[in-house]
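Peer 1: Contents of start.cif (mmCIF, C-alpha atoms and all ligand atoms) are given next:
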data_run
#
loop_
_atom_site.group_PDB
_atom_site.id
_atom_site.type_symbol
_atom_site.label_atom_id
_atom_site.label_comp_id
_atom_site.auth_asym_id
_atom_site.auth_seq_id
_atom_site.Cartn_x
_atom_site.Cartn_y
_atom_site.Cartn_z
ATOM 1 C CA MET A 1 92.880 28.061 -58.656
ATOM 2 C CA GLU A 2 95.247 30.800 -57.530
ATOM 3 C CA SER A 3 96.663 30.493 -54.059
ATOM 4 C CA GLU A 4 94.886 32.469 -51.373
ATOM 5 C CA THR A 5 96.197 35.835 -50.270
ATOM 6 C CA SER A 6 96.748 35.875 -46.535
ATOM 7 C CA SER A 7 95.672 38.932 -44.568
ATOM 8 C CA LYS A 8 99.265 39.269 -43.332
ATOM 9 C CA GLU A 9 100.367 40.118 -46.864
ATOM 10 C CA ILE A 10 97.816 42.920 -47.310
ATOM 11 C CA LYS A 11 99.072 46.461 -47.017
ATOM 12 C CA THR A 12 97.266 48.267 -49.856
ATOM 13 C CA PHE A 13 94.206 47.703 -52.053
ATOM 14 C CA ASP A 14 96.567 46.347 -54.769
ATOM 15 C CA ASP A 15 97.445 43.404 -52.535
ATOM 16 C CA PHE A 16 93.947 41.835 -52.593
ATOM 17 C CA ARG A 17 94.390 40.714 -56.247
ATOM 18 C CA LEU A 18 91.127 42.401 -57.190
ATOM 19 C CA ASN A 19 90.477 43.534 -60.770
ATOM 20 C CA ASP A 20 92.391 46.674 -61.694
ATOM 21 C CA TRP A 21 89.228 48.690 -62.178
ATOM 22 C CA ILE A 22 88.020 47.899 -58.651
ATOM 23 C CA VAL A 23 91.335 49.057 -57.196
ATOM 24 C CA ARG A 24 91.181 52.183 -59.370
ATOM 25 C CA GLN A 25 87.698 53.015 -58.086
ATOM 26 C CA CYS A 26 88.904 52.660 -54.480
ATOM 27 C CA LYS A 27 91.802 54.995 -55.183
ATOM 28 C CA SER A 28 89.573 57.486 -56.965
ATOM 29 C CA LEU A 29 87.477 57.609 -53.787
ATOM 30 C CA GLY A 30 90.617 58.719 -51.970
ATOM 31 C CA LEU A 31 90.968 55.418 -50.106
ATOM 32 C CA LYS A 32 94.647 54.740 -49.462
ATOM 33 C CA ILE A 33 94.878 51.752 -47.164
ATOM 34 C CA PRO A 34 92.272 49.116 -46.346
ATOM 35 C CA THR A 35 90.816 49.104 -42.834
ATOM 36 C CA PRO A 36 91.467 46.125 -40.497
ATOM 37 C CA ILE A 37 88.072 44.546 -41.175
ATOM 38 C CA GLN A 38 88.722 44.824 -44.925
ATOM 39 C CA ILE A 39 92.239 43.373 -44.577
ATOM 40 C CA ASN A 40 90.947 40.420 -42.574
ATOM 41 C CA CYS A 41 87.637 39.623 -44.262
ATOM 42 C CA ILE A 42 88.192 40.303 -47.987
ATOM 43 C CA PRO A 43 90.744 37.477 -48.559
ATOM 44 C CA ARG A 44 88.511 34.983 -46.743
ATOM 45 C CA ILE A 45 85.414 35.989 -48.703
ATOM 46 C CA LEU A 46 87.384 35.740 -51.972
ATOM 47 C CA ALA A 47 88.514 32.271 -50.861
ATOM 48 C CA GLY A 48 84.858 31.195 -50.524
ATOM 49 C CA ASP A 49 84.415 31.185 -46.748
ATOM 50 C CA ASP A 50 81.332 32.315 -44.897
ATOM 51 C CA CYS A 51 82.258 35.256 -42.726
ATOM 52 C CA ILE A 52 81.164 37.083 -39.587
ATOM 53 C CA GLY A 53 82.818 40.481 -39.262
ATOM 54 C CA CYS A 54 82.445 42.718 -36.233
ATOM 55 C CA ALA A 55 83.881 46.216 -36.009
ATOM 56 C CA LYS A 56 82.593 49.535 -34.784
ATOM 57 C CA THR A 57 80.466 51.865 -36.916
ATOM 58 C CA GLY A 58 82.514 53.702 -39.542
ATOM 59 C CA SER A 59 85.162 50.998 -39.878
ATOM 60 C CA GLY A 60 84.455 50.248 -43.548
ATOM 61 C CA LYS A 61 82.286 47.158 -43.260
ATOM 62 C CA THR A 62 80.364 47.937 -46.469
ATOM 63 C CA LEU A 63 83.423 47.696 -48.716
ATOM 64 C CA ALA A 64 84.592 44.637 -46.767
ATOM 65 C CA PHE A 65 81.716 42.776 -48.448
ATOM 66 C CA ALA A 66 81.096 44.958 -51.541
ATOM 67 C CA LEU A 67 84.614 44.616 -53.005
ATOM 68 C CA PRO A 68 84.800 40.792 -52.986
ATOM 69 C CA ILE A 69 81.191 40.546 -54.196
ATOM 70 C CA LEU A 70 81.966 42.844 -57.148
ATOM 71 C CA GLN A 71 85.122 40.846 -57.897
ATOM 72 C CA LYS A 72 83.190 37.560 -57.975
ATOM 73 C CA LEU A 73 80.325 39.167 -59.874
ATOM 74 C CA CYS A 74 82.520 40.194 -62.775
ATOM 75 C CA GLU A 75 83.987 36.691 -62.919
ATOM 76 C CA ASP A 76 80.532 35.119 -63.248
ATOM 77 C CA PRO A 77 77.668 37.552 -63.872
ATOM 78 C CA TYR A 78 74.417 35.632 -63.787
ATOM 79 C CA GLY A 79 70.938 36.540 -62.514
ATOM 80 C CA ILE A 80 70.574 38.184 -59.126
ATOM 81 C CA PHE A 81 74.069 37.606 -57.774
ATOM 82 C CA ALA A 82 73.925 38.996 -54.241
ATOM 83 C CA LEU A 83 71.221 39.860 -51.734
ATOM 84 C CA VAL A 84 72.134 42.370 -49.040
ATOM 85 C CA LEU A 85 69.686 42.675 -46.141
ATOM 86 C CA THR A 86 69.835 45.588 -43.734
ATOM 87 C CA PRO A 87 67.386 46.827 -41.090
ATOM 88 C CA THR A 88 66.598 50.331 -42.381
ATOM 89 C CA ARG A 89 65.816 52.178 -45.581
ATOM 90 C CA GLU A 90 68.610 54.684 -44.941
ATOM 91 C CA LEU A 91 71.242 51.962 -44.559
ATOM 92 C CA ALA A 92 69.972 50.249 -47.718
ATOM 93 C CA CYS A 93 70.431 53.482 -49.684
ATOM 94 C CA GLN A 94 73.925 54.049 -48.261
ATOM 95 C CA ILE A 95 75.014 50.515 -49.163
ATOM 96 C CA ALA A 96 73.573 50.828 -52.671
ATOM 97 C CA GLU A 97 75.456 54.100 -53.118
ATOM 98 C CA GLN A 98 78.796 52.442 -52.300
ATOM 99 C CA PHE A 99 78.034 49.630 -54.762
ATOM 100 C CA ASP A 100 77.143 52.267 -57.383
ATOM 101 C CA ILE A 101 80.419 54.120 -56.946
ATOM 102 C CA ILE A 102 82.699 51.103 -57.081
ATOM 103 C CA GLY A 103 80.588 49.210 -59.658
ATOM 104 C CA LYS A 104 80.226 52.095 -62.147
ATOM 105 C CA PRO A 105 82.846 50.835 -64.638
ATOM 106 C CA MET A 106 80.991 47.519 -65.010
ATOM 107 C CA ASN A 107 77.572 49.179 -65.381
ATOM 108 C CA LEU A 108 76.409 47.524 -62.201
ATOM 109 C CA ARG A 109 72.657 47.049 -61.983
ATOM 110 C CA ARG A 110 71.445 47.207 -58.434
ATOM 111 C CA CYS A 111 67.997 47.503 -56.955
ATOM 112 C CA VAL A 112 66.940 48.929 -53.593
ATOM 113 C CA VAL A 113 63.881 47.185 -52.158
ATOM 114 C CA VAL A 114 62.513 49.184 -49.239
ATOM 115 C CA GLY A 115 59.157 50.383 -47.973
ATOM 116 C CA GLY A 116 57.662 53.704 -49.072
ATOM 117 C CA VAL A 117 58.199 52.971 -52.778
ATOM 118 C CA ASP A 118 55.540 51.756 -55.217
ATOM 119 C CA MET A 119 55.414 47.926 -55.109
ATOM 120 C CA VAL A 120 54.618 47.564 -58.824
ATOM 121 C CA LEU A 121 57.497 49.769 -59.984
ATOM 122 C CA GLN A 122 59.826 48.016 -57.572
ATOM 123 C CA GLY A 123 58.656 44.636 -58.893
ATOM 124 C CA GLN A 124 59.410 45.765 -62.445
ATOM 125 C CA THR A 125 62.966 46.757 -61.494
ATOM 126 C CA LEU A 126 63.438 43.429 -59.729
ATOM 127 C CA SER A 127 62.284 41.543 -62.810
ATOM 128 C CA LYS A 128 65.053 43.182 -64.906
ATOM 129 C CA SER A 129 67.584 40.895 -63.271
ATOM 130 C CA PRO A 130 69.683 43.301 -61.211
ATOM 131 C CA HIS A 131 73.140 42.094 -60.129
ATOM 132 C CA ILE A 132 72.671 43.202 -56.527
ATOM 133 C CA VAL A 133 69.493 43.581 -54.465
ATOM 134 C CA VAL A 134 69.780 45.672 -51.310
ATOM 135 C CA ALA A 135 66.646 45.254 -49.213
ATOM 136 C CA THR A 136 64.943 45.645 -45.890
ATOM 137 C CA PRO A 137 63.376 42.325 -44.844
ATOM 138 C CA GLY A 138 59.761 43.526 -44.642
ATOM 139 C CA ARG A 139 59.463 44.814 -48.166
ATOM 140 C CA LEU A 140 61.395 41.950 -49.738
ATOM 141 C CA ALA A 141 59.166 39.430 -47.934
ATOM 142 C CA ASP A 142 56.107 41.330 -49.256
ATOM 143 C CA HIS A 143 57.383 40.858 -52.807
ATOM 144 C CA LEU A 144 58.107 37.185 -52.275
ATOM 145 C CA GLU A 145 54.629 36.605 -50.852
ATOM 146 C CA SER A 146 52.851 38.426 -53.699
ATOM 147 C CA CYS A 147 53.120 37.109 -57.236
ATOM 148 C CA ASN A 148 56.722 38.058 -57.737
ATOM 149 C CA THR A 149 58.561 38.191 -61.030
ATOM 150 C CA PHE A 150 62.043 37.426 -59.844
ATOM 151 C CA SER A 151 63.946 34.555 -58.271
ATOM 152 C CA LEU A 152 66.500 34.451 -55.497
ATOM 153 C CA LYS A 153 67.141 30.756 -56.029
ATOM 154 C CA LYS A 154 70.526 31.254 -57.673
ATOM 155 C CA ILE A 155 72.086 33.972 -55.557
ATOM 156 C CA LYS A 156 75.756 33.463 -54.755
ATOM 157 C CA PHE A 157 75.968 35.785 -51.741
ATOM 158 C CA LEU A 158 73.679 36.603 -48.831
ATOM 159 C CA VAL A 159 74.853 39.546 -46.721
ATOM 160 C CA LEU A 160 73.270 40.458 -43.402
ATOM 161 C CA ASP A 161 74.478 43.971 -42.675
ATOM 162 C CA GLU A 162 73.890 45.115 -39.084
ATOM 163 C CA ALA A 163 73.337 41.404 -38.478
ATOM 164 C CA ASP A 164 72.820 41.834 -34.723
ATOM 165 C CA ARG A 165 69.762 43.979 -35.410
ATOM 166 C CA LEU A 166 68.455 41.686 -38.153
ATOM 167 C CA LEU A 167 68.819 38.567 -35.998
ATOM 168 C CA GLY A 168 67.564 40.152 -32.776
ATOM 169 C CA GLY A 169 64.059 38.710 -33.179
ATOM 170 C CA HIS A 170 62.118 41.614 -34.668
ATOM 171 C CA PHE A 171 62.557 40.419 -38.281
ATOM 172 C CA ASP A 172 62.199 36.655 -37.694
ATOM 173 C CA GLU A 173 58.981 36.155 -39.678
ATOM 174 C CA GLN A 174 60.204 38.063 -42.720
ATOM 175 C CA LEU A 175 63.628 36.427 -42.628
ATOM 176 C CA LYS A 176 61.953 33.013 -42.609
ATOM 177 C CA VAL A 177 60.079 33.882 -45.811
ATOM 178 C CA ILE A 178 63.269 35.148 -47.446
ATOM 179 C CA PHE A 179 65.611 32.347 -46.326
ATOM 180 C CA ASN A 180 63.132 29.792 -47.722
ATOM 181 C CA GLU A 181 63.813 31.186 -51.195
ATOM 182 C CA LEU A 182 67.609 31.058 -51.026
ATOM 183 C CA PRO A 183 69.894 28.283 -52.233
ATOM 184 C CA ALA A 184 71.884 26.398 -49.598
ATOM 185 C CA SER A 185 75.011 26.723 -51.739
ATOM 186 C CA ARG A 186 75.363 30.479 -51.236
ATOM 187 C CA GLN A 187 78.130 32.221 -49.308
ATOM 188 C CA THR A 188 76.760 33.940 -46.178
ATOM 189 C CA LEU A 189 78.379 37.106 -44.815
ATOM 190 C CA LEU A 190 77.344 38.742 -41.550
ATOM 191 C CA PHE A 191 78.560 42.180 -40.539
ATOM 192 C CA SER A 192 77.814 43.933 -37.309
ATOM 193 C CA ALA A 193 79.092 46.593 -34.931
ATOM 194 C CA THR A 194 78.479 44.368 -31.939
ATOM 195 C CA ILE A 195 78.825 40.656 -31.363
ATOM 196 C CA THR A 196 75.676 39.289 -29.801
ATOM 197 C CA ASP A 197 74.372 35.891 -28.719
ATOM 198 C CA ALA A 198 72.443 35.712 -31.991
ATOM 199 C CA LEU A 199 75.685 35.948 -33.979
ATOM 200 C CA GLN A 200 77.407 33.365 -31.793
ATOM 201 C CA LYS A 201 74.449 31.058 -32.392
ATOM 202 C CA VAL A 202 74.734 31.478 -36.160
ATOM 203 C CA LYS A 203 78.375 30.500 -35.943
ATOM 204 C CA ALA A 204 77.533 27.451 -33.874
ATOM 205 C CA ILE A 205 74.901 26.124 -36.302
ATOM 206 C CA ALA A 206 76.686 27.006 -39.547
ATOM 207 C CA ALA A 207 77.325 23.881 -41.580
ATOM 208 C CA LYS A 208 80.434 25.097 -43.316
ATOM 209 C CA LYS A 209 83.555 26.838 -42.160
ATOM 210 C CA VAL A 210 82.823 30.325 -40.856
ATOM 211 C CA PHE A 211 85.604 32.829 -40.537
ATOM 212 C CA MET A 212 84.974 35.169 -37.626
ATOM 213 C CA TYR A 213 86.792 38.464 -37.271
ATOM 214 C CA GLN A 214 86.284 40.766 -34.326
ATOM 215 C CA CYS A 215 88.133 44.063 -34.298
ATOM 216 C CA HIS A 216 89.398 45.116 -30.879
ATOM 217 C CA GLU A 217 90.578 48.561 -31.904
ATOM 218 C CA GLU A 218 90.253 51.375 -29.427
ATOM 219 C CA GLN A 219 87.449 53.854 -30.165
HETATM 220 P P1 LIG B 301 80.487 50.744 -41.284
HETATM 221 O O1 LIG B 301 79.539 49.953 -42.124
HETATM 222 O O2 LIG B 301 81.575 49.922 -40.710
HETATM 223 O O3 LIG B 301 79.785 51.571 -40.251
HETATM 224 P P2 LIG B 301 80.992 52.120 -43.773
HETATM 225 O O4 LIG B 301 81.254 50.947 -44.602
HETATM 226 O O5 LIG B 301 79.662 52.779 -43.918
HETATM 227 O O6 LIG B 301 81.230 51.789 -42.224
HETATM 228 O O7 LIG B 301 82.185 53.166 -44.036
HETATM 229 C C1 LIG B 301 82.239 54.406 -43.404
HETATM 230 C C2 LIG B 301 83.001 55.394 -44.287
HETATM 231 O O8 LIG B 301 84.364 54.998 -44.407
HETATM 232 C C3 LIG B 301 82.452 55.486 -45.694
HETATM 233 O O9 LIG B 301 82.373 56.834 -46.065
HETATM 234 C C4 LIG B 301 83.482 54.758 -46.545
HETATM 235 O O10 LIG B 301 83.568 55.286 -47.856
HETATM 236 C C5 LIG B 301 84.764 55.028 -45.768
HETATM 237 N N1 LIG B 301 85.779 53.980 -45.979
HETATM 238 C C6 LIG B 301 85.588 52.674 -46.262
HETATM 239 N N2 LIG B 301 86.770 52.035 -46.394
HETATM 240 C C7 LIG B 301 87.747 52.952 -46.200
HETATM 241 C C8 LIG B 301 89.193 52.911 -46.224
HETATM 242 N N3 LIG B 301 89.840 51.793 -46.475
HETATM 243 N N4 LIG B 301 89.869 54.075 -45.978
HETATM 244 C C9 LIG B 301 89.195 55.220 -45.726
HETATM 245 N N5 LIG B 301 87.844 55.336 -45.700
HETATM 246 C C10 LIG B 301 87.122 54.207 -45.922
HETATM 247 MG MG MG B 302 77.538 49.581 -42.093
#
As structure tokens, what does this structure read like?
Peer 2:
Amino acid sequence: MESETSSKEIKTFDDFRLNDWIVRQCKSLGLKIPTPIQINCIPRILAGDDCIGCAKTGSGKTLAFALPILQKLCEDPYGIFALVLTPTRELACQIAEQFDIIGKPMNLRRCVVVGGVDMVLQGQTLSKSPHIVVATPGRLADHLESCNTFSLKKIKFLVLDEADRLLGGHFDEQLKVIFNELPASRQTLLFSATITDALQKVKAIAAKKVFMYQCHEEQ
């Protein structure tokens, strides 16, 4: 295996050792330099660590998980590769859009699983083996509890975006249903604007090494 790239060596998107087409997509979006959360978290995620990343809204957390997931996905595309959970429909759509833009050259198949959309149609899309599922917990749990036509048993990545809100208690029942379906061998990535007790607790109980990055930038 190639040696890890340390965050100290990262100045541009070229320095992450991502596939050329991923770097090209970033540049075509007008992105010039990675943000601190991207510089710190992407090498650790590529190295296989679980990760908790905290930085204020607008600091580029989505690409901090989307870029390494897309890199790993094109190395080993198989079944539903990553599940991204987020508390609202709007956030799910925004995340899916960023995956669409960067993942276009590889014909990325992604599926948004949120309320307000026909369950049957959504189930059909899920059964077509998308690479990435971006979901709100309630609707995904509904699918898992009805006779679903897809499996999350082989996912490689679980992302909790806005993890403080997801782990704040309101989604506990649905998360329990979902987590029951996931393999223990996955990589778990938590991203949040604020670091809460719930996140600290996750770090404390995590079985494997968890890299934690907290950005202290001024607003
Ligand atoms: P967060 O999840 O931290 O609130 P987002 O991931 O939604 O932030 O990113 C906010 C905006 O910043 C998006 O429009 C995204 O395209 C842009 N962005 C992401 N990374 C960079 C970067 N390295 N340089 C400039 N803009 C970026
Ligand atoms: Mg975000």
Peer 1: Show me, as a Markdown table, the residues of chain A having an atom within 7 Å of ligand MG 302 (chain B), each with the closest atom pair and its distance in Å, using all atoms listed in the file.
Peer 2:
| residue | atom | partner | partner_atom | distance |
| --- | --- | --- | --- | --- |
| A:Thr57 | CA | B:MG302 | MG | 6.4 |
| A:Gly58 | CA | B:MG302 | MG | 6.9 |
| A:Lys61 | CA | B:MG302 | MG | 5.5 |
| A:Thr62 | CA | B:MG302 | MG | 5.5 |
| A:Asp161 | CA | B:MG302 | MG | 6.4 |
| A:Glu162 | CA | B:MG302 | MG | 6.5 |
Peer 1: Can you list, as a PyMOL selection string, the residues that the PyMOL selection byres (((not hetatm)) within 10 of (chain B and resi 301)) selects here?
Peer 2: chain A and resi 12-13+26-27+29-39+53-66+91+94-95+97-98+101+161-162+191-193
Peer 1: For the residues in that selection, give me C-alpha atoms as a CSV table (one decimal), keeping the file's coordinate frame.
Peer 2:
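The file below, out.csv, is the result:
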chain,number,residue,atom,x,y,z
A,12,THR,CA,97.3,48.3,-49.9
A,13,PHE,CA,94.2,47.7,-52.1
A,26,CYS,CA,88.9,52.7,-54.5
A,27,LYS,CA,91.8,55.0,-55.2
A,29,LEU,CA,87.5,57.6,-53.8
A,30,GLY,CA,90.6,58.7,-52.0
A,31,LEU,CA,91.0,55.4,-50.1
A,32,LYS,CA,94.6,54.7,-49.5
A,33,ILE,CA,94.9,51.8,-47.2
A,34,PRO,CA,92.3,49.1,-46.3
A,35,THR,CA,90.8,49.1,-42.8
A,36,PRO,CA,91.5,46.1,-40.5
A,37,ILE,CA,88.1,44.5,-41.2
A,38,GLN,CA,88.7,44.8,-44.9
A,39,ILE,CA,92.2,43.4,-44.6
A,53,GLY,CA,82.8,40.5,-39.3
A,54,CYS,CA,82.4,42.7,-36.2
A,55,ALA,CA,83.9,46.2,-36.0
A,56,LYS,CA,82.6,49.5,-34.8
A,57,THR,CA,80.5,51.9,-36.9
A,58,GLY,CA,82.5,53.7,-39.5
A,59,SER,CA,85.2,51.0,-39.9
A,60,GLY,CA,84.5,50.2,-43.5
A,61,LYS,CA,82.3,47.2,-43.3
A,62,THR,CA,80.4,47.9,-46.5
A,63,LEU,CA,83.4,47.7,-48.7
A,64,ALA,CA,84.6,44.6,-46.8
A,65,PHE,CA,81.7,42.8,-48.4
A,66,ALA,CA,81.1,45.0,-51.5
A,91,LEU,CA,71.2,52.0,-44.6
A,94,GLN,CA,73.9,54.0,-48.3
A,95,ILE,CA,75.0,50.5,-49.2
A,97,GLU,CA,75.5,54.1,-53.1
A,98,GLN,CA,78.8,52.4,-52.3
A,101,ILE,CA,80.4,54.1,-56.9
A,161,ASP,CA,74.5,44.0,-42.7
A,162,GLU,CA,73.9,45.1,-39.1
A,191,PHE,CA,78.6,42.2,-40.5
A,192,SER,CA,77.8,43.9,-37.3
A,193,ALA,CA,79.1,46.6,-34.9
Peer 1: Find the distance between atom CA of A:Lys201 and atom CA of A:Gly169 and write it in Å to one decimal.
Peer 2: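 Atom-to-atom, atom CA of A:Lys201 to atom CA of A:Gly169, that is 12.9 Å.
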Peer 1: Would you pick out the contacts of A:Trp21 at 12 Å or less, using all atoms listed in the file, so that residues sharing its chain but fewer than 6 positions from it are not included, and give the list as a VMD selection string?
Peer 2: chain A and resid 13 to 14 27 to 28 67 70 to 71 74 101 to 106
Peer 1: If we count all atoms listed in the file and set the cut-off at 9 Å, which residues sit around A:Phe171, ignoring sequence neighbours fewer than 6 positions away in its own chain? Please answer as a list in words.
Peer 2: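 Returned residues: Pro87, Pro137, Gly138 and Arg165 of chain A.
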Peer 1: Using Å and a single decimal, report how far atom CA of A:Ser7 sits from atom CA of A:Arg24.
Peer 2: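 Separation between atom CA of A:Arg24 and atom CA of A:Ser7: 20.4 Å.
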